[in-house]
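Colleague: Pasting in a structure now, in structure tokens, and then I'll have a few things to ask.
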Amino acid sequence: MKSFSGNYFEDFTIGRVLKHATPLTVNEADLAIYRSLTGSRYALYSSTPFAEAAGFDRQPVDPMIVFHVVFGKTVPDISLNAVANLGYADGKFMAPVYPGDTLYATSEVIGRKENSNGKTGVVYVRTTGTNQNGDAVLTYVRWVMVNKKEHASPAPDAVLPDLPKAVDAADLSAYAHYASYDAELAGSPHFFDDYEIGEKIDHVDGMTIEEAEHQTATRLYQNTAKVHFNQFEQGKGRFGKRLIYGGVVISTARSLAFNGLANAGQMIAINGGTHCNPLFSGDTIHAWSEVLDKADLSDTIGALRLRLVATKDLPCADYPYKGEDGKYLPNVLLDFDYWAAIPRSR
Amino acid sequence: MKSFSGNYFEDFTIGRVLKHATPLTVNEADLAIYRSLTGSRYALYSSTPFAEAAGFDRQPVDPMIVFHVVFGKTVPDISLNAVANLGYADGKFMAPVYPGDTLYATSEVIGRKENSNGKTGVVYVRTTGTNQNGDAVLTYVRWVMVNKKEHASPAPDAVLPDLPKAVDAADLSAYAHYASYDAELAGSPHFFDDYEIGEKIDHVDGMTIEEAEHQTATRLYQNTAKVHFNQFEQGKGRFGKRLIYGGVVISTARSLAFNGLANAGQMIAINGGTHCNPLFSGDTIHAWSEVLDKADLSDTIGALRLRLVATKDLPCADYPYKGEDGKYLPNVLLDFDYWAAIPRSR
Amino acid sequence: MKSFSGNYFEDFTIGRVLKHATPLTVNEADLAIYRSLTGSRYALYSSTPFAEAAGFDRQPVDPMIVFHVVFGKTVPDISLNAVANLGYADGKFMAPVYPGDTLYATSEVIGRKENSNGKTGVVYVRTTGTNQNGDAVLTYVRWVMVNKKEHASPAPDAVLPDLPKAVDAADLSAYAHYASYDAELAGSPHFFDDYEIGEKIDHVDGMTIEEAEHQTATRLYQNTAKVHFNQFEQGKGRFGKRLIYGGVVISTARSLAFNGLANAGQMIAINGGTHCNPLFSGDTIHAWSEVLDKADLSDTIGALRLRLVATKDLPCADYPYKGEDGKYLPNVLLDFDYWAAIPRSR
């Protein structure tokens, strides 16, 4: 068998390190294609002079692209036989990535627990993205439910990693400190001090996603998860349709969030995320944000901890989230928790 | 309110200058994506050696891309609450743009007139695109009908700018003078002297536009106009569908115009344009051109003033335009008037 | 008549050389867009450090892109009036192409034969792609059936070129010899010695193609063939739909073939190809390969001669190909025969 059909629960032994295939050199084209697919308008990732004035060596690659590319590499080894993507946590962007840098990904198995049905289990991996110099640029923990190869194989001892609910403010670092920052060019007069914990922001606009768009984005990241691409197979499945990669939802919602958070362009940590409901072609994404926390980072910048909620076919003027039963409303797609850097004042 | 919902008629005071957000560094990827979305084949914007032989420092950015990017920046400030885009005039491309250059846009309010209904008014702005050195690369006047914030607010004195019907030939300048020019590589044996005023050219081919294509193009330019992207909202509107950005029609028609005008690749001025009817996904664009005027520019080049007409689902062998009533035929999408440079002889 | 409506059978005189229009400077964006449209994951064409370690000067352009771009340039002159694309043969990739190189194409008429109906004829051309230094980077023979301009024109003497069934192993050359090669990063432990003649590989995955995707890919290559773009016209034709460019099928199948042939990323020759059945938007491509032959190239690399078969809406676990009548099965899209370089051992 020359083709590879993925790893099973039994293959994920604690401490095993998987070196993922296909290092990718990201370049200016990745930025432009990302922009054309998401509508991103953050000045930091659009303009070289703006990024340089803010403190970057040159125009950096949006951390969201870095996340998607690193994540994409892990799919053939980690989640090809996944029943479900359950969550991620403790994600930190550790160094800037510039056009011309090459991204590599490795994952270490840090936890696993067989489910009581004896057919599946949950696997925890810590994935690290590195550049061509071996510097870590991103780390995060992800857990997925995967099938067992043989139901008869004995359950291993359960190992569960200790995961923080959010990246500690003391562990946050931003790459740029916005020594020089033109708020008019950035597109908003609202800075760190203008946001209050508990404040909610409706991002107003909506974006409809087409099959060609989500497929193109997901291939850009070399993410090969079958459910996004194969209508012949998906047509016979539960939904009858291709599922849209959750990363497309995150990136679209983050791009919509420009309207209200234009100065919070630099994502520096991912605390967690839940993909609550599936998105399909033709659905329209809306988004709103809530300020969950604030942290001082330096004299010139702070960080906002933000909840980003995306919905389908539901505008967000009244911040749709969970029902009285504590469950996500059926039109809520995403509950994403992250830290973003933002200048302190104009 | 952290999110911005656009300016209203009252906000456009005469002389006000709006500095638009998100400077954009355009690069080779913008050229390639533009090519992949429009099918453009003009050698000047496809081949570095061809462009250099013609007199450019290196491969330039198609002026159409420059126009769309500058225009896109103005949308959140100028036309988010626009009822209609009424027209543009006096557009001049003033300096070449190269990959790596950053585009900025500002607009000055130069005219306004409240409509008799007291609910809307027409606003005129002169928009200027500049590069990272502060050099103007594009200027044009645009007028839009926008809503008043409060119907009760008093009508200001009407100010109407004086606009030329066409850019005067004496004001035209081309960036390249085609000292060396290979007509076979350019794709046509027809030069300045071969075109006659009044001559019409059917561009023969047709191009069908898909939702994913026009959305991707419009996001490439960071144009955020809601009507192009939000099916949830548009589905409840007059047409039940997303409207395609008029710039997609212009660029597709210009790309079809290669067949007949391959040597007139360099657009140097925009005299005016009318978007006569809306275009929707699945419609097929055809185009024809008419030579309106000719002008000498130098020993090696001249300029053609061209009318570019685009239609939907209607081939252009008999040059469809206006009916006996003087109104545009229902299948006519675009009536665009511009100047293009063209070599004088082979 | 300023617009060009293509050449007819009578225009293809033996020995005539056609210099095709629009040289194209390919760059990193072409690689990224190609990746985003095909899902290609071959490390050689994804990662600069990987390509350099393997022996390239820097990250090269995938030979498939080179083929599509050169082929695209020939369309307006060769196949605008083609009734059918009949085949190609004797294709050799002769030098690497790097981002920044400019591709030119010329074709020489090397054969023609009028059909007995007196209305059409078959034309054979040898097309050569060259770079900005005049070095040949690709050569191949292609034959198409084209319409006669006038049925009354006399049939010329038939001239048929002598074409090899496959490029001789002695004529093969690879650009990179994989002095350094990381199989884990490449994504497969299978090398030259692991493949046997007659071995078949199911590539497992499926990819559904959308209108926007094939149109965007085909325009990227500046291929203008009408049947791919004009729904208004195609809607009235035999299929009622746009035909997808056969090159999209080849590239998608080659990208799927990563799963089983990850180390055979470098295509070095095209022996022939048949597009057996048409592909339409919404169809899902699957693929399988057969090892037809093997050849030694150097101490470090060998070549596999591979048959690549693509199907629509038909998984390939049992290698669908031809029926008992010797005809291709109705769901078989492509029968493509090529040589690829592959490292000898790990």
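By order of appearance in the structure tokens: chains A, B, ..., then residues from 1 within every chain, and ligands from 1 in the order shown.
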Per DSSP on the backbone, filter stretch 150-211 of chain B down to the residues in helix (DSSP H, G or I) and report them as a list in words.

Modeller: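 Answer for stretch 150-211 of chain B restricted to helix (DSSP H, G or I) is Ala169, Ala170, Asp171, Ala183, Glu184, Leu185, Ala186, Phe192, Asp193, Asp194 and Glu211 of chain B.
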
Colleague: What does the file look like for those residues with N, CA, C and O atoms, as a CSV table (one decimal), in the first residue's frame?

Modeller:
```csv
chain,number,residue,atom,x,y,z
B,169,ALA,N,-6.8,66.1,-24.6
B,169,ALA,CA,-5.6,65.4,-25.2
B,169,ALA,C,-4.3,66.0,-24.7
B,169,ALA,O,-3.3,65.3,-24.5
B,170,ALA,N,-4.3,67.3,-24.5
B,170,ALA,CA,-3.1,68.0,-24.0
B,170,ALA,C,-2.7,67.5,-22.6
B,170,ALA,O,-1.5,67.7,-22.2
B,171,ASP,N,-3.6,67.0,-21.9
B,171,ASP,CA,-3.3,66.6,-20.5
B,171,ASP,C,-2.9,65.1,-20.4
B,171,ASP,O,-2.7,64.6,-19.3
B,183,ALA,N,5.2,43.4,-32.0
B,183,ALA,CA,3.8,43.2,-32.2
B,183,ALA,C,3.3,41.8,-32.2
B,183,ALA,O,2.2,41.5,-31.8
B,184,GLU,N,4.1,40.9,-32.7
B,184,GLU,CA,3.7,39.5,-32.6
B,184,GLU,C,3.6,39.0,-31.2
B,184,GLU,O,2.6,38.3,-30.8
B,185,LEU,N,4.5,39.4,-30.3
B,185,LEU,CA,4.4,39.0,-28.9
B,185,LEU,C,3.2,39.7,-28.3
B,185,LEU,O,2.5,39.2,-27.4
B,186,ALA,N,2.9,40.9,-28.7
B,186,ALA,CA,1.8,41.7,-28.2
B,186,ALA,C,0.5,41.1,-28.6
B,186,ALA,O,-0.6,41.2,-28.0
B,192,PHE,N,-1.7,52.5,-34.0
B,192,PHE,CA,-2.4,53.8,-34.0
B,192,PHE,C,-3.0,54.2,-35.3
B,192,PHE,O,-4.2,54.5,-35.4
B,193,ASP,N,-2.2,54.1,-36.4
B,193,ASP,CA,-2.6,54.6,-37.7
B,193,ASP,C,-3.7,53.7,-38.3
B,193,ASP,O,-4.3,54.1,-39.3
B,194,ASP,N,-3.8,52.5,-37.8
B,194,ASP,CA,-4.8,51.6,-38.4
B,194,ASP,C,-6.2,51.8,-37.8
B,194,ASP,O,-7.1,51.2,-38.4
B,211,GLU,N,-20.2,33.8,-8.6
B,211,GLU,CA,-20.2,34.4,-7.3
B,211,GLU,C,-18.8,34.5,-6.7
B,211,GLU,O,-18.3,35.5,-6.3
```

Colleague: Which residues are close to C:Thr224, i.e. within 10 Å by only C-alpha atoms, leaving aside same-chain residues fewer than 4 positions away? Reply as a PyMOL selection string.

Modeller: (chain B and resi 39-41+205+207+256) or (chain C and resi 72-76+79-80+215+218-219+228-229)

Colleague: With N, CA, C and O atoms retained, write the just-selected residues as an mmCIF file, in the first residue's frame.

Modeller:
```cif
data_model
loop_
_atom_site.group_PDB
_atom_site.id
_atom_site.type_symbol
_atom_site.label_atom_id
_atom_site.label_comp_id
_atom_site.auth_asym_id
_atom_site.auth_seq_id
_atom_site.Cartn_x
_atom_site.Cartn_y
_atom_site.Cartn_z
ATOM 1 N N GLY B 39 -8.644 37.160 -16.948
ATOM 2 C CA GLY B 39 -8.133 36.628 -18.198
ATOM 3 C C GLY B 39 -7.311 37.629 -18.985
ATOM 4 O O GLY B 39 -7.057 37.436 -20.176
ATOM 5 N N SER B 40 -6.860 38.705 -18.316
ATOM 6 C CA SER B 40 -6.112 39.744 -19.027
ATOM 7 C C SER B 40 -4.858 39.181 -19.695
ATOM 8 O O SER B 40 -4.137 38.388 -19.118
ATOM 9 N N ARG B 41 -4.611 39.633 -20.928
ATOM 10 C CA ARG B 41 -3.471 39.116 -21.693
ATOM 11 C C ARG B 41 -2.585 40.212 -22.270
ATOM 12 O O ARG B 41 -1.736 39.928 -23.116
ATOM 13 N N ASP B 205 -15.450 37.331 -27.894
ATOM 14 C CA ASP B 205 -15.544 36.321 -26.843
ATOM 15 C C ASP B 205 -16.509 36.721 -25.733
ATOM 16 O O ASP B 205 -16.876 37.884 -25.578
ATOM 17 N N MET B 207 -17.515 35.936 -21.397
ATOM 18 C CA MET B 207 -16.991 35.437 -20.118
ATOM 19 C C MET B 207 -18.129 35.418 -19.093
ATOM 20 O O MET B 207 -18.738 36.456 -18.821
ATOM 21 N N LEU B 256 -11.542 41.222 -22.419
ATOM 22 C CA LEU B 256 -12.091 40.730 -23.692
ATOM 23 C C LEU B 256 -11.623 41.619 -24.846
ATOM 24 O O LEU B 256 -11.402 41.138 -25.961
ATOM 25 N N GLY C 72 -1.356 27.247 -23.111
ATOM 26 C CA GLY C 72 -2.342 28.335 -23.162
ATOM 27 C C GLY C 72 -2.030 29.349 -24.253
ATOM 28 O O GLY C 72 -2.928 29.831 -24.950
ATOM 29 N N LYS C 73 -0.739 29.653 -24.414
ATOM 30 C CA LYS C 73 -0.355 30.642 -25.437
ATOM 31 C C LYS C 73 -0.687 30.166 -26.841
ATOM 32 O O LYS C 73 -0.928 30.975 -27.737
ATOM 33 N N THR C 74 -0.677 28.847 -27.052
ATOM 34 C CA THR C 74 -0.900 28.326 -28.403
ATOM 35 C C THR C 74 -2.376 28.337 -28.797
ATOM 36 O O THR C 74 -2.686 28.248 -29.980
ATOM 37 N N VAL C 75 -3.263 28.434 -27.820
ATOM 38 C CA VAL C 75 -4.694 28.267 -28.112
ATOM 39 C C VAL C 75 -5.221 29.237 -29.166
ATOM 40 O O VAL C 75 -5.876 28.819 -30.125
ATOM 41 N N PRO C 76 -4.953 30.558 -29.046
ATOM 42 C CA PRO C 76 -5.545 31.467 -30.041
ATOM 43 C C PRO C 76 -5.098 31.157 -31.469
ATOM 44 O O PRO C 76 -5.872 31.350 -32.412
ATOM 45 N N SER C 79 -5.829 26.314 -31.750
ATOM 46 C CA SER C 79 -7.036 25.525 -31.493
ATOM 47 C C SER C 79 -8.302 26.347 -31.290
ATOM 48 O O SER C 79 -9.291 25.838 -30.782
ATOM 49 N N LEU C 80 -8.291 27.619 -31.733
ATOM 50 C CA LEU C 80 -9.510 28.412 -31.559
ATOM 51 C C LEU C 80 -10.648 27.836 -32.397
ATOM 52 O O LEU C 80 -11.809 27.888 -31.998
ATOM 53 N N GLN C 215 -12.354 27.973 -14.167
ATOM 54 C CA GLN C 215 -12.193 29.210 -14.942
ATOM 55 C C GLN C 215 -10.974 29.988 -14.450
ATOM 56 O O GLN C 215 -10.181 30.496 -15.251
ATOM 57 N N THR C 218 -7.753 28.298 -15.568
ATOM 58 C CA THR C 218 -7.527 28.365 -17.013
ATOM 59 C C THR C 218 -7.125 29.785 -17.427
ATOM 60 O O THR C 218 -6.271 29.975 -18.295
ATOM 61 N N ARG C 219 -7.702 30.768 -16.762
ATOM 62 C CA ARG C 219 -7.279 32.158 -17.025
ATOM 63 C C ARG C 219 -5.880 32.428 -16.477
ATOM 64 O O ARG C 219 -5.127 33.224 -17.052
ATOM 65 N N HIS C 228 -14.553 26.968 -22.268
ATOM 66 C CA HIS C 228 -14.409 26.906 -20.810
ATOM 67 C C HIS C 228 -15.092 28.070 -20.078
ATOM 68 O O HIS C 228 -15.272 28.017 -18.882
ATOM 69 N N PHE C 229 -15.441 29.130 -20.835
ATOM 70 C CA PHE C 229 -15.784 30.392 -20.168
ATOM 71 C C PHE C 229 -17.166 30.960 -20.480
ATOM 72 O O PHE C 229 -17.611 31.870 -19.802
#
```

Colleague: If we count only C-alpha atoms, which residues of chain A reach to within 6 Å of chain C? Please list them as a list in words.

Modeller: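 The selection requested is Lys2, Ser3, Ala21, Thr22, Pro23, Leu24, Thr25, Ala29, Ala212, Thr216, Arg219, Leu220, Gln222, Phe229, Asn230, Gln231 and Phe232 of chain A.
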
Colleague: Please write the residues from the selection above to a file, keeping all heavy atoms, as a tab-separated table (two decimals), in the first residue's frame.

Modeller:
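Listed below is the output, out25.tsv:
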```tsv
chain	number	residue	atom	x	y	z
A	2	LYS	N	0.93	1.96	-1.11
A	2	LYS	CA	1.76	3.15	-1.17
A	2	LYS	C	1.02	4.38	-0.65
A	2	LYS	O	1.63	5.34	-0.21
A	2	LYS	CB	2.21	3.41	-2.61
A	2	LYS	CG	3.14	2.33	-3.18
A	2	LYS	CD	4.49	2.36	-2.53
A	2	LYS	CE	5.54	1.57	-3.30
A	2	LYS	NZ	5.20	0.16	-3.54
A	3	SER	N	-0.30	4.37	-0.76
A	3	SER	CA	-1.03	5.53	-0.25
A	3	SER	C	-1.28	5.36	1.24
A	3	SER	O	-1.35	4.26	1.76
A	3	SER	CB	-2.33	5.74	-1.03
A	3	SER	OG	-3.09	4.55	-1.07
A	21	ALA	N	4.51	16.34	6.95
A	21	ALA	CA	5.06	16.52	5.60
A	21	ALA	C	4.79	17.91	5.03
A	21	ALA	O	3.94	18.65	5.52
A	21	ALA	CB	4.48	15.47	4.66
A	22	THR	N	5.55	18.18	3.99
A	22	THR	CA	5.44	19.35	3.12
A	22	THR	C	5.64	20.69	3.84
A	22	THR	O	4.69	21.41	4.15
A	22	THR	CB	4.10	19.37	2.36
A	22	THR	OG1	3.87	18.09	1.77
A	22	THR	CG2	4.14	20.39	1.26
A	23	PRO	N	6.92	20.98	4.08
A	23	PRO	CA	7.23	22.34	4.52
A	23	PRO	C	6.75	23.33	3.46
A	23	PRO	O	6.79	23.03	2.27
A	23	PRO	CB	8.76	22.34	4.61
A	23	PRO	CG	9.22	21.17	3.80
A	23	PRO	CD	8.12	20.17	3.85
A	24	LEU	N	6.28	24.48	3.90
A	24	LEU	CA	5.74	25.45	2.94
A	24	LEU	C	6.43	26.80	3.09
A	24	LEU	O	6.43	27.38	4.18
A	24	LEU	CB	4.24	25.62	3.14
A	24	LEU	CG	3.58	26.59	2.15
A	24	LEU	CD1	3.54	25.99	0.75
A	24	LEU	CD2	2.17	26.96	2.59
A	25	THR	N	6.98	27.28	1.99
A	25	THR	CA	7.51	28.64	1.95
A	25	THR	C	6.36	29.58	1.66
A	25	THR	O	5.77	29.54	0.58
A	25	THR	CB	8.60	28.76	0.86
A	25	THR	OG1	9.60	27.77	1.10
A	25	THR	CG2	9.23	30.15	0.88
A	29	ALA	N	2.30	36.19	-2.07
A	29	ALA	CA	1.08	35.70	-2.73
A	29	ALA	C	0.11	35.13	-1.71
A	29	ALA	O	-1.11	35.26	-1.86
A	29	ALA	CB	1.43	34.66	-3.78
A	212	ALA	N	-16.30	27.34	-4.09
A	212	ALA	CA	-14.98	27.59	-4.68
A	212	ALA	C	-14.09	28.37	-3.73
A	212	ALA	O	-12.87	28.19	-3.72
A	212	ALA	CB	-15.13	28.35	-6.01
A	216	THR	N	-10.70	26.75	-2.12
A	216	THR	CA	-9.47	27.43	-2.51
A	216	THR	C	-8.66	27.83	-1.28
A	216	THR	O	-7.44	27.64	-1.23
A	216	THR	CB	-9.79	28.66	-3.39
A	216	THR	OG1	-10.50	28.21	-4.55
A	216	THR	CG2	-8.53	29.37	-3.84
A	219	ARG	N	-7.17	24.64	0.41
A	219	ARG	CA	-6.02	24.12	-0.35
A	219	ARG	C	-4.82	25.04	-0.24
A	219	ARG	O	-3.67	24.57	-0.27
A	219	ARG	CB	-6.41	23.93	-1.83
A	219	ARG	CG	-7.31	22.72	-2.07
A	219	ARG	CD	-7.60	22.54	-3.55
A	219	ARG	NE	-8.27	23.71	-4.08
A	219	ARG	CZ	-9.46	23.70	-4.68
A	219	ARG	NH1	-10.10	22.55	-4.86
A	219	ARG	NH2	-9.99	24.80	-5.12
A	220	LEU	N	-5.06	26.34	-0.15
A	220	LEU	CA	-3.93	27.28	0.03
A	220	LEU	C	-3.10	26.86	1.24
A	220	LEU	O	-1.88	26.95	1.23
A	220	LEU	CB	-4.48	28.69	0.23
A	220	LEU	CG	-3.45	29.81	0.42
A	220	LEU	CD1	-2.73	30.11	-0.89
A	220	LEU	CD2	-4.11	31.09	0.94
A	222	GLN	N	-2.88	23.85	2.27
A	222	GLN	CA	-2.53	22.43	2.08
A	222	GLN	C	-3.20	21.54	3.13
A	222	GLN	O	-2.67	20.50	3.52
A	222	GLN	CB	-1.01	22.25	2.05
A	222	GLN	CG	-0.37	23.00	0.88
A	222	GLN	CD	1.12	22.76	0.75
A	222	GLN	OE1	1.84	22.83	1.74
A	222	GLN	NE2	1.59	22.46	-0.45
A	229	PHE	N	-13.78	18.69	0.47
A	229	PHE	CA	-13.49	18.70	-0.98
A	229	PHE	C	-14.28	17.70	-1.83
A	229	PHE	O	-14.24	17.79	-3.04
A	229	PHE	CB	-12.00	18.40	-1.20
A	229	PHE	CG	-11.10	19.39	-0.58
A	229	PHE	CD1	-10.27	19.06	0.48
A	229	PHE	CD2	-11.08	20.69	-1.05
A	229	PHE	CE1	-9.43	19.99	1.06
A	229	PHE	CE2	-10.24	21.64	-0.48
A	229	PHE	CZ	-9.42	21.29	0.58
A	230	ASN	N	-14.87	16.70	-1.21
A	230	ASN	CA	-15.37	15.57	-1.99
A	230	ASN	C	-16.89	15.51	-1.93
A	230	ASN	O	-17.47	14.88	-1.05
A	230	ASN	CB	-14.74	14.28	-1.44
A	230	ASN	CG	-15.04	13.08	-2.29
A	230	ASN	OD1	-16.07	13.05	-2.98
A	230	ASN	ND2	-14.18	12.08	-2.25
A	231	GLN	N	-17.54	16.17	-2.89
A	231	GLN	CA	-19.00	16.19	-2.91
A	231	GLN	C	-19.58	14.82	-3.20
A	231	GLN	O	-20.65	14.48	-2.71
A	231	GLN	CB	-19.50	17.21	-3.94
A	231	GLN	CG	-21.01	17.34	-4.02
A	231	GLN	CD	-21.65	17.69	-2.68
A	231	GLN	OE1	-21.07	18.42	-1.88
A	231	GLN	NE2	-22.82	17.14	-2.40
A	232	PHE	N	-18.86	14.02	-3.98
A	232	PHE	CA	-19.35	12.68	-4.32
A	232	PHE	C	-19.58	11.87	-3.04
A	232	PHE	O	-20.60	11.20	-2.88
A	232	PHE	CB	-18.34	11.98	-5.23
A	232	PHE	CG	-18.73	10.57	-5.58
A	232	PHE	CD1	-19.73	10.33	-6.52
A	232	PHE	CD2	-18.11	9.49	-4.98
A	232	PHE	CE1	-20.09	9.03	-6.85
A	232	PHE	CE2	-18.47	8.19	-5.29
A	232	PHE	CZ	-19.47	7.96	-6.23
```

Colleague: Excluding same-chain residues fewer than 3 positions from A:Ile65, what lies within 10 Å of it counting only C-alpha atoms, as a list in words?

Modeller: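 Selected residues are Val26, Asp30, Leu31, Tyr34, Val61, Asp62, His68, Val69, Val70, Phe71, Val97, Leu220, Tyr221, Gly247 and Ser251 of chain A.
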
Colleague: To one decimal in Å, tell me the separation between atom CA of A:Ile250 and atom CA of A:Ile270.

Modeller: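 One can read the atom CA of A:Ile250 to atom CA of A:Ile270 distance as 11.5 Å.
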
Colleague: Where does DSSP see strand (DSSP E or B) in stretch 27-147 of chain B, if you list the residues as a VMD selection string?

Modeller: chain B and resid 82 to 93 102 to 114 120 to 130 136 to 147

Colleague: Between atom CA of C:Tyr124 and atom CA of C:Val167, what distance in Å does the model show, to one decimal?

Modeller: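 That distance, rounded to one decimal, is 17.5 Å.
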
Colleague: Give the answer as one residue: which of C:Ala51, C:Ser116, C:Ser5, C:Gly323 has the shortest atom-to-atom distance to A:Thr102, using only C-alpha atoms?

Modeller: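 Among the listed residues, C:Ala51 lies closest to A:Thr102.
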
Colleague: Which is closest to A:Leu86 among A:Ala317, A:Ala225, A:Met267, A:Met145, if we use only C-alpha atoms?

Modeller: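 Answer, going by the shortest atom-to-atom distance: A:Met145.
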